[in-house]
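Down below is the structure, laid out as structure tokens.
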Amino acid sequence: MELRRPGEFLIRLSELPPKRLLQPLPYISTMPADSLMNSDVKYLRQTLRLAWRGEGRTSPNPMVGAVLVKNGKIIGQGWHHQAGKPHAEIEALRDAERKGHTASGATLYVSLEPCSTHGRTPPCTDAVIAAGVKRIVIAAQDPNPAHAGRGLKILRRAGLKVTAGLLAEEATDLNEAFNHWIVHRTPFVTVKAAMSLDGKIATVTGESKWITGEKARAYGMKLRTRADAILVGVNTVVKDNPRLTIRDLKFKGKRLRRIILDPTARTPLKSHVIADDHFGLTTVVATKAAPIKRLIALREHVNVVVTPTLQGKINLRWLLKKLGHENVTNLLVEGGGETNASFLLAGLAQRIAFFYAPVIIGGRTAPKGVAGDGIAKLADKIELDDANWTRLGPDLLLTARILKSRINRR
């Protein structure tokens, strides 16, 4: 399904984790009659629109929207604004109270199963029951296998009428990164590249600014606002000296972590990622092959992690587990061709975002969007699913989910 939000690009919401990650939905009540179902769908779509308002701000929590309806009218609505702040259900209940309405006897619509455990905030199931809500309509279940269906069971035991599963796919798509992280405890990885039609990300002399146009670059920045961290290889830092920041005033306060893959610790101390005001957000990932003096010098400025190696290279699986443990749910890889290939060919990425400009660069040695050793047989190719092409000015954006190749299933 596709949604178009005012003033924004076309976004396909069906880039979700494999359906095997989602548990069967328990405690589903009998679906209502057509007239009531149409009403339920209408209000659930409003919860999805509200949930989108938290885009890029709720991690490591999911985006959630809620609508409170009584006598056929919306009396309160809300969405989860930020981790640590009230959840969508609480926002909707408070909104109704501020407007002079009581939730007693009302129907609550919510895009995700209400939480039933204590975290930074009390369980939403307690608040919903205490407010006197008589019916709740839920789109998607909690993707956490340890909690899935628990909230629904609590609400049913308290006497609420529960309808669940309407617009479940759209609601699940909404939180693809969170869903992946909560199940695997590793970040959802998107590999992004901007290249010419022949797959080059720079000329033979290394010139790369700018291959794509303004609209494509603006969308690339939007991808950063959705991520918790951005990762590049040291070659990108040495050649381009990027800032790797979010240049969107709407997200001025967001802290985007910067991860630099640098096996021998050669990141220049004067580079932006080391010397700017955001140096505390930078982590240089090195190996034992790095000179001790270089590691010490870098540690005086930024975080340094020395990782185990795999076939002489940084062990990316180990790194992803570490980042997941640190609540990085959504990782954007903007590396050069070697870094991109290291994630793609190892089966460590879940999605691509490839921008193509209507230009041809050529050159045997010109850097490619995906380099590495490649594959020997077409049978081992990396296949993409749910491919979606979007026109951004003169450029094209291809987004797609990554299917596991045969080489990664052996």
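Every chain in the structure tokens has a letter given in the order shown (A, B, ...), and although residue numbers restart at 1 in each chain, ligands are simply numbered from 1 in the order shown.
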
- Item | His81 of chain A surroundings by only C-alpha atoms, 9 Å radius, close-in-sequence under 5 positions cut, as number ranges by chain | A: 51, 53-55, 57-58, 63-64, 86-88

- Message: Need to verify the contact set: Leu50 of chain A, 9 Å, only C-alpha atoms, exclusion of same-chain residues closer than 6 positions in sequence. Can you return it as a PyMOL selection string?
- Response: chain A and resi 63-67+77-80

Written file, previous selection with all heavy atoms, as a CSV table (one decimal), in the first residue's frame:
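Contents of selection.csv, as written:
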chain,number,residue,atom,x,y,z
A,63,MET,N,6.4,3.9,16.4
A,63,MET,CA,5.5,5.0,16.1
A,63,MET,C,4.1,4.4,16.3
A,63,MET,O,3.7,3.4,15.8
A,63,MET,CB,5.7,5.5,14.7
A,63,MET,CG,7.0,6.1,14.4
A,63,MET,SD,7.1,6.8,12.7
A,63,MET,CE,7.3,5.3,11.8
A,64,VAL,N,3.3,5.2,17.1
A,64,VAL,CA,1.9,4.7,17.4
A,64,VAL,C,1.0,5.9,17.4
A,64,VAL,O,1.4,7.0,17.9
A,64,VAL,CB,1.8,4.0,18.8
A,64,VAL,CG1,0.4,3.4,19.0
A,64,VAL,CG2,2.9,2.9,18.9
A,65,GLY,N,-0.2,5.7,16.9
A,65,GLY,CA,-1.3,6.7,17.0
A,65,GLY,C,-2.5,6.2,17.6
A,65,GLY,O,-2.8,5.0,17.6
A,66,ALA,N,-3.3,7.0,18.2
A,66,ALA,CA,-4.5,6.6,18.9
A,66,ALA,C,-5.7,7.6,18.7
A,66,ALA,O,-5.4,8.8,18.7
A,66,ALA,CB,-4.3,6.4,20.4
A,67,VAL,N,-6.9,7.1,18.6
A,67,VAL,CA,-8.1,8.0,18.5
A,67,VAL,C,-9.2,7.5,19.4
A,67,VAL,O,-9.4,6.3,19.4
A,67,VAL,CB,-8.6,8.0,17.0
A,67,VAL,CG1,-9.9,8.7,16.9
A,67,VAL,CG2,-7.5,8.6,16.1
A,77,GLN,N,-7.4,12.5,20.6
A,77,GLN,CA,-6.5,11.8,19.7
A,77,GLN,C,-5.0,12.1,20.1
A,77,GLN,O,-4.8,13.2,20.7
A,77,GLN,CB,-6.7,12.0,18.2
A,77,GLN,CG,-6.7,13.5,17.9
A,77,GLN,CD,-7.2,13.7,16.4
A,77,GLN,OE1,-7.4,12.8,15.7
A,77,GLN,NE2,-7.2,14.9,16.0
A,78,GLY,N,-4.1,11.3,19.8
A,78,GLY,CA,-2.7,11.6,20.1
A,78,GLY,C,-1.8,10.6,19.4
A,78,GLY,O,-2.2,9.6,18.8
A,79,TRP,N,-0.5,10.8,19.6
A,79,TRP,CA,0.5,9.9,19.0
A,79,TRP,C,1.7,10.0,20.0
A,79,TRP,O,1.9,10.9,20.8
A,79,TRP,CB,0.9,10.4,17.6
A,79,TRP,CG,1.6,11.7,17.6
A,79,TRP,CD1,3.0,11.9,17.5
A,79,TRP,CD2,1.1,13.0,17.5
A,79,TRP,NE1,3.3,13.2,17.5
A,79,TRP,CE2,2.1,13.9,17.4
A,79,TRP,CE3,-0.3,13.5,17.5
A,79,TRP,CZ2,1.9,15.3,17.4
A,79,TRP,CZ3,-0.5,14.8,17.4
A,79,TRP,CH2,0.6,15.7,17.3
A,80,HIS,N,2.6,8.9,19.8
A,80,HIS,CA,3.8,8.9,20.7
A,80,HIS,C,4.8,9.9,20.1
A,80,HIS,O,5.2,9.7,18.9
A,80,HIS,CB,4.3,7.4,20.6
A,80,HIS,CG,5.5,7.2,21.5
A,80,HIS,ND1,5.6,7.8,22.8
A,80,HIS,CD2,6.6,6.5,21.4
A,80,HIS,CE1,6.7,7.4,23.4
A,80,HIS,NE2,7.3,6.6,22.5

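Interatomic distance, atom CA of Pro367 of chain A to atom CA of Ala202 of chain A: 5.6 Å.
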
- Message: Among segment 216-327 of chain A, which residues does DSSP mark as strand (DSSP E or B) when it is run on the backbone? Keep the chain and numbering as in the structure and answer as a list in words.
- Response: Ala229, Ile230, Leu231, Val232, Gly233, Arg257, Arg258, Ile259, Ile260, Leu261, Thr282, Thr283, Val284, Val285, Ala286, Asn303, Val304, Val305, Val306, Thr309, Leu310, Lys313 and Ile314 of chain A

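Between atom CA of Leu295 of chain A and atom CA of Asp277 of chain A the separation is 20.4 Å.
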
- Message: I want to know what sits within 9 Å of segment 120-133 of chain A, based on only C-alpha atoms, with residues of the same chain fewer than 2 positions away left out; could you give that as number ranges by chain?
- Response: A: 68, 83-90, 93, 102-108, 114-118, 135-136, 151-152, 154-155, 158-160

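Restricting the calculation to only C-alpha atoms, the smallest distance between Glu169 of chain A and any of A:His101, A:Val69, A:Gln141, A:Phe188 is found for A:Gln141.
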
- Task: Based on DSSP run over this structure's backbone, return all residues of segment 33-90 of chain A in alpha helix (DSSP H), as a ChimeraX atom specification.
- Result: /A:34-51,88-90

- Task: Would you mind listing what lies within 9 Å of Thr245 of chain A as JSON, numbers by chain, with only C-alpha atoms counted and same-chain residues fewer than 4 positions away left out?
- Result: {"A": [221, 224, 230, 255, 256, 257, 258, 278]}

- Item | Distance query Ile361 of chain A at most 12 Å, only C-alpha atoms, self and fewer than 3 positions along chain excluded, as a PyMOL selection string | chain A and resi 195-208+211+356-358+364-368

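Nearest residue to Thr339 of chain A, choosing from A:Ile274, A:Ala297, A:Ala290, A:Ile260 and counting only C-alpha atoms: A:Ile260.
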
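Of the listed residues (A:Arg185, A:Arg49, A:Lys377, A:Arg266), A:Arg185 comes nearest to Leu319 of chain A; the distances count only C-alpha atoms.
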
- So which one's closest to Gly369 of chain A, A:Arg157, A:Arg98, A:Lys42, A:Lys192? Using only C-alpha atoms, please. A:Lys192

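Taking atom CA of Lys270 of chain A and atom CA of Val304 of chain A as the two end points, the separation is 16.1 Å.
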
Please tabulate, as a tab-separated table, the residues of segment 355-385 of chain A that come within 12 Å of segment 389-403 of chain A, each with its closest pair of atoms and the distance in Å to one decimal, counting only C-alpha atoms and ordering rows by chain, then residue number upward.
residue	atom	partner	partner_atom	distance
A:Phe355	CA	A:Leu397	CA	4.5
A:Tyr356	CA	A:Leu396	CA	5.2
A:Ala357	CA	A:Asp395	CA	4.7
A:Pro358	CA	A:Asp395	CA	6.4
A:Val359	CA	A:Asp395	CA	9.5
A:Asp380	CA	A:Leu403	CA	11.3
A:Lys381	CA	A:Leu403	CA	9.8
A:Ile382	CA	A:Leu403	CA	6.7
A:Glu383	CA	A:Leu403	CA	5.3
A:Leu384	CA	A:Ile402	CA	4.7
A:Asp385	CA	A:Arg401	CA	5.1

Can those selected residues be exported to a file as a tab-separated table (two decimals), in the first residue's frame so that it contains N, CA, C and O atoms?
chain	number	residue	atom	x	y	z
A	355	PHE	N	19.75	5.82	-5.43
A	355	PHE	CA	19.38	6.99	-6.23
A	355	PHE	C	20.16	6.94	-7.53
A	355	PHE	O	21.38	6.79	-7.52
A	356	TYR	N	19.45	7.11	-8.65
A	356	TYR	CA	20.09	7.07	-9.96
A	356	TYR	C	19.88	8.40	-10.68
A	356	TYR	O	18.75	8.86	-10.85
A	357	ALA	N	20.99	9.01	-11.11
A	357	ALA	CA	20.93	10.24	-11.89
A	357	ALA	C	21.03	9.90	-13.37
A	357	ALA	O	21.70	8.92	-13.75
A	358	PRO	N	20.37	10.67	-14.25
A	358	PRO	CA	20.41	10.38	-15.69
A	358	PRO	C	21.73	10.85	-16.31
A	358	PRO	O	21.76	11.70	-17.21
A	359	VAL	N	22.83	10.29	-15.82
A	359	VAL	CA	24.16	10.62	-16.34
A	359	VAL	C	24.97	9.33	-16.44
A	359	VAL	O	24.66	8.34	-15.78
A	380	ASP	N	23.75	-17.05	-7.25
A	380	ASP	CA	24.04	-16.47	-5.93
A	380	ASP	C	23.69	-14.99	-5.85
A	380	ASP	O	24.03	-14.31	-4.88
A	381	LYS	N	23.03	-14.48	-6.86
A	381	LYS	CA	22.71	-13.04	-6.88
A	381	LYS	C	21.85	-12.65	-5.69
A	381	LYS	O	21.10	-13.46	-5.12
A	382	ILE	N	21.94	-11.38	-5.33
A	382	ILE	CA	21.09	-10.83	-4.27
A	382	ILE	C	19.80	-10.36	-4.92
A	382	ILE	O	19.82	-9.47	-5.78
A	383	GLU	N	18.71	-10.95	-4.53
A	383	GLU	CA	17.42	-10.61	-5.13
A	383	GLU	C	16.67	-9.58	-4.30
A	383	GLU	O	16.79	-9.56	-3.07
A	384	LEU	N	15.93	-8.73	-4.98
A	384	LEU	CA	15.15	-7.68	-4.33
A	384	LEU	C	13.67	-7.96	-4.49
A	384	LEU	O	13.23	-8.54	-5.47
A	385	ASP	N	12.91	-7.51	-3.51
A	385	ASP	CA	11.47	-7.72	-3.53
A	385	ASP	C	10.76	-6.40	-3.25
A	385	ASP	O	11.32	-5.51	-2.60

- Query: Do you know which residues are at most 10 Å from Ser59 of chain A counting only C-alpha atoms, after dropping those on the same chain fewer than 6 positions away, and could you put them as a VMD selection string?
  - Reply: chain A and resid 82 to 84 177 to 178 226 to 228 327 to 330

- Task: Within 10 Å of Asn303 of chain A, counting only C-alpha atoms, which residues show up once you throw out same-chain ones fewer than 3 positions away? Write them as a PyMOL selection string, please.
- Result: chain A and resi 259+274+279-285+295+298-300

Filtering to C-alpha atoms, could you give me those residues as a PDB file, in the first residue's frame?
ATOM      1  CA  ILE A 259      29.933   5.074  12.914  1.00  0.00           C
ATOM      2  CA  ILE A 274      36.369  14.077  14.757  1.00  0.00           C
ATOM      3  CA  PHE A 279      32.423  14.613  18.103  1.00  0.00           C
ATOM      4  CA  GLY A 280      30.764  12.892  21.066  1.00  0.00           C
ATOM      5  CA  LEU A 281      28.415  11.138  18.656  1.00  0.00           C
ATOM      6  CA  THR A 282      31.249   9.614  16.622  1.00  0.00           C
ATOM      7  CA  THR A 283      32.466   6.039  17.066  1.00  0.00           C
ATOM      8  CA  VAL A 284      35.531   4.805  15.207  1.00  0.00           C
ATOM      9  CA  VAL A 285      35.466   1.030  14.757  1.00  0.00           C
ATOM     10  CA  LEU A 295      43.975   4.490  18.809  1.00  0.00           C
ATOM     11  CA  LEU A 298      41.477   9.064  18.426  1.00  0.00           C
ATOM     12  CA  ARG A 299      40.260   8.154  21.929  1.00  0.00           C
ATOM     13  CA  GLU A 300      41.154  11.648  23.096  1.00  0.00           C
TER      14      GLU A 300
END

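Closest approach to Ala349 of chain A from the set A:Leu323, A:Arg317, A:Val110, A:Pro145 is made by A:Arg317, with distances taken over only C-alpha atoms.
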